[in-house]
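Undergrad: Data: work36.txt, compact mmCIF, C-alpha atoms and all ligand atoms.
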```
# COMPACT_ATOMS: atom_id res chain seq x y z
CA MET A 1087 -12.26 1.23 12.72
CA LEU A 1088 -10.69 0.01 9.50
CA LYS A 1089 -8.73 2.87 7.95
CA LEU A 1090 -8.35 3.78 4.29
CA GLY A 1091 -5.12 4.99 2.78
CA VAL A 1092 -5.69 6.14 -0.77
CA ASN A 1093 -2.83 5.42 -3.12
CA ILE A 1094 -2.68 8.38 -5.48
CA ASP A 1095 0.09 7.06 -7.77
CA HIS A 1096 -2.27 6.66 -10.69
CA VAL A 1097 -3.26 10.31 -10.57
CA ALA A 1098 0.41 11.01 -11.26
CA THR A 1099 0.45 8.27 -13.91
CA LEU A 1100 -2.19 10.21 -15.85
CA ARG A 1101 -0.28 13.47 -15.46
CA GLU A 1102 3.00 11.89 -16.61
CA ALA A 1103 1.24 10.49 -19.70
CA ARG A 1104 1.02 14.06 -20.97
CA TYR A 1105 3.57 16.12 -19.00
CA ARG A 1106 6.54 13.80 -18.52
CA GLY A 1107 9.71 15.78 -17.79
CA ARG A 1108 7.85 19.01 -17.02
CA GLU A 1109 7.57 20.58 -13.61
CA PHE A 1110 3.83 20.98 -13.82
CA GLY A 1111 0.74 19.32 -15.23
CA GLU A 1112 -2.63 17.90 -14.46
CA PRO A 1113 -4.11 16.11 -12.68
CA ASP A 1114 -2.22 17.08 -9.55
CA PRO A 1115 -1.80 14.26 -6.99
CA VAL A 1116 -1.65 16.81 -4.18
CA VAL A 1117 -5.06 18.23 -5.11
CA ALA A 1118 -6.31 14.64 -5.33
CA ALA A 1119 -4.89 13.84 -1.88
CA LYS A 1120 -6.75 16.80 -0.38
CA ILE A 1121 -10.03 15.68 -1.97
CA CYS A 1122 -9.52 12.13 -0.66
CA GLN A 1123 -8.93 13.39 2.85
CA ALA A 1124 -11.91 15.77 2.72
CA ALA A 1125 -14.00 12.73 1.71
CA GLY A 1126 -12.84 10.87 4.82
CA ALA A 1127 -9.70 8.98 3.81
CA HIS A 1128 -7.43 8.49 6.81
CA GLY A 1129 -4.19 8.78 4.94
CA ILE A 1130 -2.42 9.11 1.62
CA THR A 1131 -0.08 6.56 0.10
CA ALA A 1132 2.43 7.32 -2.63
CA HIS A 1133 5.22 5.26 -4.15
CA LEU A 1134 8.34 7.17 -5.10
CA ARG A 1135 9.76 4.70 -7.57
CA GLU A 1136 13.42 4.67 -8.50
CA ASP A 1137 12.50 5.30 -12.14
CA ARG A 1138 10.07 8.09 -11.10
CA ARG A 1139 7.47 6.70 -13.48
CA HIS A 1140 4.58 8.43 -11.74
CA ILE A 1141 5.15 10.22 -8.43
CA GLN A 1142 7.99 12.79 -8.60
CA ASP A 1143 10.19 14.14 -5.81
CA ARG A 1144 8.34 17.46 -5.77
CA ASP A 1145 5.07 15.55 -5.18
CA VAL A 1146 6.25 13.84 -2.03
CA TRP A 1147 7.40 17.08 -0.47
CA LYS A 1148 4.04 18.72 -1.16
CA LEU A 1149 2.25 15.58 0.04
CA ARG A 1150 4.22 15.72 3.26
CA GLU A 1151 2.59 19.13 3.86
CA ALA A 1152 -0.87 18.13 2.72
CA ALA A 1153 -1.29 14.60 4.02
CA ARG A 1154 -2.85 13.89 7.40
CA ARG A 1155 -0.89 10.65 7.44
CA LEU A 1156 1.65 9.96 4.70
CA ASN A 1157 2.63 6.41 3.82
CA LEU A 1158 5.64 6.38 1.51
CA GLU A 1159 6.05 3.17 -0.44
CA MET A 1160 9.68 2.64 -1.31
CA ALA A 1161 12.36 0.24 -2.39
CA ASN A 1162 15.11 -0.45 0.13
CA THR A 1163 17.82 1.40 -1.78
CA PRO A 1164 20.25 4.00 -0.40
CA GLY A 1165 18.92 6.88 -2.52
CA ILE A 1166 15.30 6.36 -1.57
CA VAL A 1167 16.11 5.62 2.08
CA SER A 1168 17.96 8.91 2.28
CA ILE A 1169 14.99 10.81 0.80
CA ALA A 1170 12.63 9.12 3.27
CA LEU A 1171 14.80 10.07 6.22
CA LYS A 1172 14.67 13.72 5.17
CA LEU A 1173 11.00 13.67 4.19
CA LYS A 1174 9.84 12.00 7.39
CA PRO A 1175 6.60 10.39 6.26
CA ASP A 1176 4.56 8.92 9.09
CA ILE A 1177 5.27 5.44 7.82
CA VAL A 1178 7.25 3.79 5.02
CA CYS A 1179 6.13 0.60 3.37
CA VAL A 1180 9.06 -1.25 1.86
CA VAL A 1181 8.07 -2.85 -1.43
CA PRO A 1182 10.03 -4.82 -4.02
CA GLU A 1183 10.98 -3.02 -7.21
CA ARG A 1184 13.62 -5.39 -8.52
CA ARG A 1185 13.26 -9.01 -9.46
CA LEU A 1186 15.76 -10.12 -6.83
CA GLU A 1187 13.71 -8.65 -3.99
CA VAL A 1188 10.48 -10.32 -5.00
CA THR A 1189 8.97 -13.62 -3.93
CA THR A 1190 7.13 -15.71 -6.49
CA GLU A 1191 3.90 -14.17 -5.26
CA GLY A 1192 4.98 -10.58 -5.68
CA GLY A 1193 5.68 -9.63 -2.08
CA LEU A 1194 8.99 -8.55 -0.65
CA ASP A 1195 11.42 -11.40 0.06
CA VAL A 1196 12.08 -10.37 3.66
CA ALA A 1197 13.66 -13.70 4.53
CA ALA A 1198 16.33 -13.15 1.85
CA SER A 1199 17.25 -9.63 2.96
CA GLU A 1200 16.68 -9.59 6.68
CA LYS A 1201 19.93 -7.82 7.50
CA ALA A 1202 19.49 -4.94 5.04
CA LEU A 1203 15.85 -4.52 6.03
CA THR A 1204 16.70 -4.49 9.73
CA GLU A 1205 19.26 -1.73 9.12
CA THR A 1206 16.68 0.35 7.29
CA ARG A 1207 14.03 -0.40 9.90
CA LEU A 1208 16.34 0.88 12.63
CA LYS A 1209 17.18 4.07 10.71
CA MET A 1210 13.50 4.79 10.11
CA ASN A 1211 12.45 4.12 13.69
CA ASP A 1212 15.29 6.32 14.95
CA ALA A 1213 13.78 9.10 12.82
CA ASP A 1214 10.30 8.41 14.28
CA ILE A 1215 9.07 6.80 11.08
CA GLU A 1216 7.10 3.58 11.38
CA VAL A 1217 7.93 0.70 9.06
CA SER A 1218 5.73 -1.70 7.16
CA LEU A 1219 6.82 -4.56 4.89
CA PHE A 1220 4.72 -5.54 1.87
CA ILE A 1221 4.64 -9.33 1.87
CA ALA A 1222 2.65 -12.28 0.64
CA PRO A 1223 0.68 -14.12 3.35
CA ASP A 1224 3.53 -16.58 3.74
CA GLU A 1225 4.52 -18.01 7.11
CA ARG A 1226 8.24 -17.68 6.49
CA GLN A 1227 8.00 -14.06 5.37
CA ILE A 1228 5.84 -13.14 8.35
CA GLN A 1229 8.32 -14.69 10.77
CA ALA A 1230 11.17 -12.84 9.07
CA SER A 1231 9.21 -9.56 9.28
CA ALA A 1232 8.84 -10.03 13.04
CA ARG A 1233 12.59 -10.62 13.33
CA VAL A 1234 13.28 -7.45 11.32
CA GLY A 1235 11.20 -5.65 13.95
CA SER A 1236 8.87 -3.77 11.63
CA GLN A 1237 5.76 -2.31 13.24
CA PHE A 1238 3.46 -3.39 10.40
CA ILE A 1239 3.21 -5.81 7.57
CA GLU A 1240 1.03 -5.12 4.57
CA LEU A 1241 -0.47 -8.34 3.30
CA HIS A 1242 -0.34 -8.57 -0.48
CA THR A 1243 -3.93 -9.16 -1.59
CA GLY A 1244 -3.01 -9.48 -5.27
CA ALA A 1245 -3.47 -13.25 -5.53
CA PHE A 1246 -6.87 -13.03 -3.84
CA ALA A 1247 -7.93 -10.17 -6.11
CA GLU A 1248 -6.68 -12.03 -9.16
CA GLU A 1249 -8.76 -15.11 -8.33
CA PHE A 1250 -11.78 -12.92 -7.65
CA SER A 1251 -11.47 -11.21 -11.02
CA LYS A 1252 -11.53 -14.43 -13.02
CA PRO A 1253 -14.67 -14.61 -15.15
CA ALA A 1254 -17.43 -16.71 -13.58
CA ALA A 1255 -15.32 -17.40 -10.50
CA GLY A 1256 -18.21 -16.47 -8.21
CA HIS A 1257 -17.90 -15.57 -4.54
CA ARG A 1258 -17.49 -19.17 -3.44
CA SER A 1259 -14.89 -20.51 -5.83
CA PRO A 1260 -12.39 -22.81 -4.06
CA ALA A 1261 -9.49 -20.78 -5.42
CA ILE A 1262 -10.82 -17.56 -3.88
CA GLU A 1263 -11.50 -19.38 -0.62
CA LYS A 1264 -7.95 -20.72 -0.59
CA GLU A 1265 -6.49 -17.23 -1.00
CA LEU A 1266 -8.80 -15.87 1.68
CA GLN A 1267 -7.74 -18.62 4.08
CA ARG A 1268 -4.10 -17.74 3.46
CA LEU A 1269 -4.81 -14.07 4.25
CA ILE A 1270 -6.73 -15.07 7.40
CA ALA A 1271 -3.91 -17.35 8.59
CA GLY A 1272 -1.31 -14.70 7.75
CA ALA A 1273 -3.16 -11.99 9.67
CA GLU A 1274 -3.55 -14.28 12.67
CA GLN A 1275 0.10 -15.29 12.66
CA ALA A 1276 1.29 -11.68 12.33
CA HIS A 1277 -1.03 -10.50 15.10
CA ALA A 1278 0.22 -13.26 17.40
CA LEU A 1279 3.79 -12.10 16.71
CA GLY A 1280 2.90 -8.52 17.68
CA LEU A 1281 2.84 -7.13 14.15
CA ARG A 1282 0.05 -4.78 13.05
CA VAL A 1283 -1.56 -5.76 9.80
CA ASN A 1284 -2.46 -3.69 6.74
CA ALA A 1285 -3.53 -5.04 3.37
CA GLY A 1286 -3.52 -3.89 -0.21
CA HIS A 1287 -3.17 -4.43 -3.93
CA GLY A 1288 -6.03 -5.14 -6.28
CA LEU A 1289 -8.76 -4.36 -3.73
CA ASN A 1290 -11.92 -3.00 -5.32
CA TYR A 1291 -15.62 -2.32 -4.83
CA GLY A 1292 -16.44 -5.92 -5.74
CA ASN A 1293 -13.98 -7.96 -3.72
CA LEU A 1294 -13.89 -5.86 -0.56
CA SER A 1295 -16.82 -7.49 1.22
CA LEU A 1296 -14.99 -10.84 1.29
CA LEU A 1297 -11.96 -9.22 2.89
CA HIS A 1298 -14.07 -8.55 5.98
CA ARG A 1299 -13.35 -12.15 6.93
CA VAL A 1300 -9.66 -11.36 7.42
CA PRO A 1301 -9.10 -10.43 11.09
CA HIS A 1302 -6.88 -7.80 12.73
CA LEU A 1303 -6.73 -5.41 9.77
CA VAL A 1304 -5.74 -1.84 10.62
CA GLU A 1305 -5.61 -0.14 7.23
CA LEU A 1306 -6.27 -0.88 3.58
CA ASN A 1307 -4.20 0.83 0.90
CA ILE A 1308 -6.26 1.15 -2.24
CA GLY A 1309 -5.38 2.98 -5.45
CA HIS A 1310 -6.35 1.75 -8.87
CA SER A 1311 -10.00 0.97 -8.24
CA ILE A 1312 -10.67 4.32 -6.52
CA VAL A 1313 -8.89 6.39 -9.16
CA SER A 1314 -10.69 4.42 -11.89
CA ARG A 1315 -14.08 4.89 -10.26
CA ALA A 1316 -13.33 8.60 -9.91
CA VAL A 1317 -13.40 8.94 -13.69
CA SER A 1318 -17.12 8.11 -13.58
CA VAL A 1319 -18.35 9.54 -10.30
CA GLY A 1320 -15.64 11.93 -9.12
CA LEU A 1321 -12.93 11.32 -6.54
CA GLU A 1322 -14.92 12.46 -3.52
CA THR A 1323 -17.75 10.02 -4.26
CA ALA A 1324 -15.34 7.22 -5.15
CA VAL A 1325 -13.63 7.55 -1.76
CA LYS A 1326 -16.93 7.79 0.11
CA GLU A 1327 -18.26 4.69 -1.63
CA MET A 1328 -15.16 2.73 -0.60
CA LEU A 1329 -15.39 3.95 2.99
CA ALA A 1330 -19.03 2.88 3.07
CA LEU A 1331 -17.99 -0.65 2.07
CA MET A 1332 -15.37 -0.69 4.83
CA LYS A 1333 -17.39 0.68 7.69
CA ASP A 1334 -18.89 -2.57 8.95
CA TYR A 1335 -15.51 -4.30 9.32
CA ARG A 1336 -15.39 -5.91 12.74
CA GLY A 1337 -11.76 -7.10 12.81
N1 LIG B 1401 -0.17 -1.48 -1.42
C1 LIG B 1401 1.04 -1.55 -2.01
C2 LIG B 1401 2.21 -1.94 -1.18
C3 LIG B 1401 1.20 -1.23 -3.36
O1 LIG B 1401 2.43 -1.29 -3.92
C4 LIG B 1401 0.08 -0.81 -4.10
C5 LIG B 1401 0.23 -0.41 -5.52
O2 LIG B 1401 0.51 -1.47 -6.29
C6 LIG B 1401 -1.16 -0.76 -3.46
C7 LIG B 1401 -1.25 -1.10 -2.12
C8 LIG B 1401 -2.41 -0.34 -4.18
O3 LIG B 1401 -2.75 -1.26 -5.14
P1 LIG B 1401 -3.95 -0.99 -6.12
O4 LIG B 1401 -3.56 0.19 -6.95
O5 LIG B 1401 -4.10 -2.24 -6.89
O6 LIG B 1401 -5.16 -0.66 -5.26
```
Give the structure from the file, written as structure tokens.
TA:
Amino acid sequence: MLKLGVNIDHVATLREARYRGREFGEPDPVVAAKICQAAGAHGITAHLREDRRHIQDRDVWKLREAARRLNLEMANTPGIVSIALKLKPDIVCVVPERRLEVTTEGGLDVAASEKALTETRLKMNDADIEVSLFIAPDERQIQASARVGSQFIELHTGAFAEEFSKPAAGHRSPAIEKELQRLIAGAEQAHALGLRVNAGHGLNYGNLSLLHRVPHLVELNIGHSIVSRAVSVGLETAVKEMLALMKDYRG
């Protein structure tokens, strides 16, 4: 069964828009996480950014208590690594936050920082925390991820979502098909190398059906579209609607 991790960063984004620098405020990402889980979400994803632009330290500690499965997105920096080792999320997903860590397509440049990522991977695994690397569906990056020894990769679906969102692109545009083929090839390569495969970024109620063609997916991490939809129909319904679109995934 394809799992859903709801990224609740944008709940915190809304809170910070009004309550930045305060120790309280609404909406509360922890309350949101509980609603998502009650609606059937399998896990909660939150990104503790170095600049703390949305999720704050106090949030991740409360989320650790509340989340069935907590996926902490993080940069590979000493400060954040040290927080993760104390927090003990179920899994960390290493993402790029600085220009140097990023490939042209927005994923983590694993090939350029294999040594540092392997060190972090070992520390996390020693603390019983699984590791995922957020990468573009790029052969070189997938090979490097296998060498780092991460348990998962998360395929960056941003380029696919971007093509899909172009006006009048239609479901069969060659550009969308090309991005889909890259995701399919990436998932197959990763699976053959023993990596488990998640996907995320830019996934929404419109483009999700096409993603069913990508094999071997374990979990989708979806944030913006669910939080946006929640403004109209409520968070519980928004999560249930997404799960309904995912339920026929056959891998
Ligand atoms: N996965 C990763 C690694 C992310 O950094 C993000 C947030 O950008 C997401 C998934 C969720 O993306 P979105 O908010 O576009 O659904």
Undergrad: I need every residue sitting at most 6 Å from the point (8.5, 12.5, 0.2) (coordinates as in the file, all atoms listed in the file considered), written as an NGL selection string.
TA: :A and (1146-1147 or 1173)
Undergrad: Would you name the residues within 6 Å of ligand LIG 1401 (chain B), counting all atoms listed in the file, and put them as a PyMOL selection string?
TA: chain A and resi 1093+1181+1220+1286-1289+1307-1311
Undergrad: List every residue of range 1134-1188 of chain A that has an atom at most 10 Å from any atom of range 1228-1245 of chain A, giving for each one its closest atom pair and the distance in Å to one decimal, counting all atoms listed in the file, sorted by chain and then by ascending residue number, as a tab-separated table.
TA:
```
residue	atom	partner	partner_atom	distance
A:Ile1177	CA	A:Phe1238	CA	9.4
A:Val1178	CA	A:Phe1238	CA	9.7
A:Cys1179	CA	A:Glu1240	CA	7.8
A:Val1180	CA	A:Glu1240	CA	9.3
A:Val1181	CA	A:Glu1240	CA	9.5
```
Undergrad: Just give me the gap between CA of Ala1276 in chain A and CA of Pro1164 in chain A in Å, one decimal is fine.
TA: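 Here the two named atoms are 27.7 Å from each other.
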Undergrad: Please identify all polymer residues within 12 Å of Glu1265 in chain A, counting all atoms listed in the file, omitting same-chain residues fewer than 5 positions from it, and present them as a JSON list (two decimals) with C-alpha atoms, in the coordinates of the input.
TA:
```json
[["chain", "number", "residue", "atom", "x", "y", "z"],
["A", 1191, "GLU", "CA", 3.90, -14.17, -5.26],
["A", 1222, "ALA", "CA", 2.65, -12.28, 0.64],
["A", 1223, "PRO", "CA", 0.68, -14.12, 3.35],
["A", 1224, "ASP", "CA", 3.53, -16.58, 3.74],
["A", 1241, "LEU", "CA", -0.47, -8.34, 3.30],
["A", 1242, "HIS", "CA", -0.34, -8.57, -0.48],
["A", 1243, "THR", "CA", -3.93, -9.16, -1.59],
["A", 1244, "GLY", "CA", -3.01, -9.48, -5.27],
["A", 1245, "ALA", "CA", -3.47, -13.25, -5.53],
["A", 1246, "PHE", "CA", -6.87, -13.03, -3.84],
["A", 1247, "ALA", "CA", -7.93, -10.17, -6.11],
["A", 1248, "GLU", "CA", -6.68, -12.03, -9.16],
["A", 1249, "GLU", "CA", -8.76, -15.11, -8.33],
["A", 1250, "PHE", "CA", -11.78, -12.92, -7.65],
["A", 1258, "ARG", "CA", -17.49, -19.17, -3.44],
["A", 1259, "SER", "CA", -14.89, -20.51, -5.83],
["A", 1260, "PRO", "CA", -12.39, -22.81, -4.06],
["A", 1270, "ILE", "CA", -6.73, -15.07, 7.40],
["A", 1271, "ALA", "CA", -3.91, -17.35, 8.59],
["A", 1272, "GLY", "CA", -1.31, -14.70, 7.75],
["A", 1296, "LEU", "CA", -14.99, -10.84, 1.29],
["A", 1297, "LEU", "CA", -11.96, -9.22, 2.89],
["A", 1299, "ARG", "CA", -13.35, -12.15, 6.93],
["A", 1300, "VAL", "CA", -9.66, -11.36, 7.42]]
```
Undergrad: From the list A:Val1304, A:Ala1285, A:Ala1098, A:Ile1121, which residue is nearest Ala1324 in chain A when using only C-alpha atoms?
TA: A:Ile1121
Undergrad: Neighbours of Gly1107 in chain A within 12 Å (all atoms listed in the file; same-chain residues fewer than 4 positions away dropped), as a ChimeraX atom specification?
TA: /A:1101-1103,1111,1138-1142
Undergrad: Quick one: distance from CA of Ala1125 in chain A to CA of Val1325 in chain A in Å, one decimal?
TA: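 Interatomic distance here is 6.2 Å.
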Undergrad: Counting only C-alpha atoms, which residue out of A:Ile1221, A:Ala1202, A:Ala1170, A:Leu1149 sits closest to Pro1182 in chain A?
TA: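 Distance minimum relative to Pro1182 in chain A lands on A:Ile1221.
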Undergrad: Of the residues A:Ser1314, A:Asn1162, A:Gln1123, A:Asn1157, which is the one nearest to Glu1136 in chain A, using all atoms listed in the file?
TA: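 Using all atoms listed in the file, Glu1136 in chain A sits closest to A:Asn1162.
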Undergrad: Which distance in Å separates CA of Thr1163 in chain A and CA of Gly1129 in chain A, to one decimal?
TA: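 Between these atoms lies a distance of 24.2 Å.
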Undergrad: Which residues are near Ala1153 in chain A? Cut-off 12 Å, all atoms listed in the file, ignore same chain within fewer than 5 positions. Put them as a list in words.
TA: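 Skipping anything fewer than 5 positions along the chain leaves Gly1091, Val1092, Asn1093, Ile1094, Pro1115, Val1116, Val1117, Ala1118, Ala1119, Lys1120, Ile1121, Cys1122, Gln1123, Ala1124, Ala1127, His1128, Gly1129, Ile1130, Thr1131, Ala1132, Asp1145, Val1146, Trp1147, Lys1148, Leu1158, Lys1174, Pro1175, Asp1176 and Ile1177 of chain A.
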Undergrad: Between A:Leu1100, A:Leu1279, A:Met1328, A:Val1217, which residue has the minimum interatomic distance to Val1167 in chain A, considering only C-alpha atoms?
TA: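 Result for the nearest residue to Val1167 in chain A: A:Val1217.
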Undergrad: Of the candidates A:Arg1150, A:Arg1144, A:Ser1168, A:Glu1225, which one gets nearest to Arg1268 in chain A if we count all atoms listed in the file?
TA: A:Glu1225
Undergrad: Please, could N, CA and C atoms be added to range 1306-1318 of chain A and the result written as a PDB file, in the frame of the given file?
TA:
```
ATOM      1  N   LEU A1306      -6.359  -0.383   4.956  1.00  0.00           N
ATOM      2  CA  LEU A1306      -6.270  -0.880   3.580  1.00  0.00           C
ATOM      3  C   LEU A1306      -5.660   0.230   2.727  1.00  0.00           C
ATOM      4  N   ASN A1307      -4.754  -0.134   1.857  1.00  0.00           N
ATOM      5  CA  ASN A1307      -4.200   0.830   0.900  1.00  0.00           C
ATOM      6  C   ASN A1307      -4.750   0.489  -0.472  1.00  0.00           C
ATOM      7  N   ILE A1308      -5.546   1.420  -0.992  1.00  0.00           N
ATOM      8  CA  ILE A1308      -6.260   1.150  -2.240  1.00  0.00           C
ATOM      9  C   ILE A1308      -6.019   2.298  -3.222  1.00  0.00           C
ATOM     10  N   GLY A1309      -5.666   1.953  -4.450  1.00  0.00           N
ATOM     11  CA  GLY A1309      -5.380   2.980  -5.450  1.00  0.00           C
ATOM     12  C   GLY A1309      -6.173   2.844  -6.721  1.00  0.00           C
ATOM     13  N   HIS A1310      -5.842   1.819  -7.503  1.00  0.00           N
ATOM     14  CA  HIS A1310      -6.350   1.750  -8.870  1.00  0.00           C
ATOM     15  C   HIS A1310      -7.868   1.784  -8.958  1.00  0.00           C
ATOM     16  N   SER A1311      -8.537   1.030  -8.114  1.00  0.00           N
ATOM     17  CA  SER A1311     -10.000   0.970  -8.240  1.00  0.00           C
ATOM     18  C   SER A1311     -10.637   2.316  -7.887  1.00  0.00           C
ATOM     19  N   ILE A1312     -10.082   3.019  -6.910  1.00  0.00           N
ATOM     20  CA  ILE A1312     -10.670   4.320  -6.520  1.00  0.00           C
ATOM     21  C   ILE A1312     -10.417   5.363  -7.609  1.00  0.00           C
ATOM     22  N   VAL A1313      -9.197   5.402  -8.116  1.00  0.00           N
ATOM     23  CA  VAL A1313      -8.890   6.390  -9.160  1.00  0.00           C
ATOM     24  C   VAL A1313      -9.704   6.081 -10.425  1.00  0.00           C
ATOM     25  N   SER A1314      -9.884   4.797 -10.716  1.00  0.00           N
ATOM     26  CA  SER A1314     -10.690   4.420 -11.890  1.00  0.00           C
ATOM     27  C   SER A1314     -12.151   4.829 -11.702  1.00  0.00           C
ATOM     28  N   ARG A1315     -12.679   4.547 -10.539  1.00  0.00           N
ATOM     29  CA  ARG A1315     -14.080   4.890 -10.260  1.00  0.00           C
ATOM     30  C   ARG A1315     -14.287   6.410 -10.314  1.00  0.00           C
ATOM     31  N   ALA A1316     -13.246   7.135  -9.915  1.00  0.00           N
ATOM     32  CA  ALA A1316     -13.330   8.600  -9.910  1.00  0.00           C
ATOM     33  C   ALA A1316     -13.603   9.165 -11.301  1.00  0.00           C
ATOM     34  N   VAL A1317     -13.170   8.461 -12.323  1.00  0.00           N
ATOM     35  CA  VAL A1317     -13.400   8.940 -13.690  1.00  0.00           C
ATOM     36  C   VAL A1317     -14.915   9.016 -13.956  1.00  0.00           C
ATOM     37  N   SER A1318     -15.672   8.112 -13.365  1.00  0.00           N
ATOM     38  CA  SER A1318     -17.120   8.110 -13.580  1.00  0.00           C
ATOM     39  C   SER A1318     -17.882   8.969 -12.581  1.00  0.00           C
TER      40      SER A1318
END
```
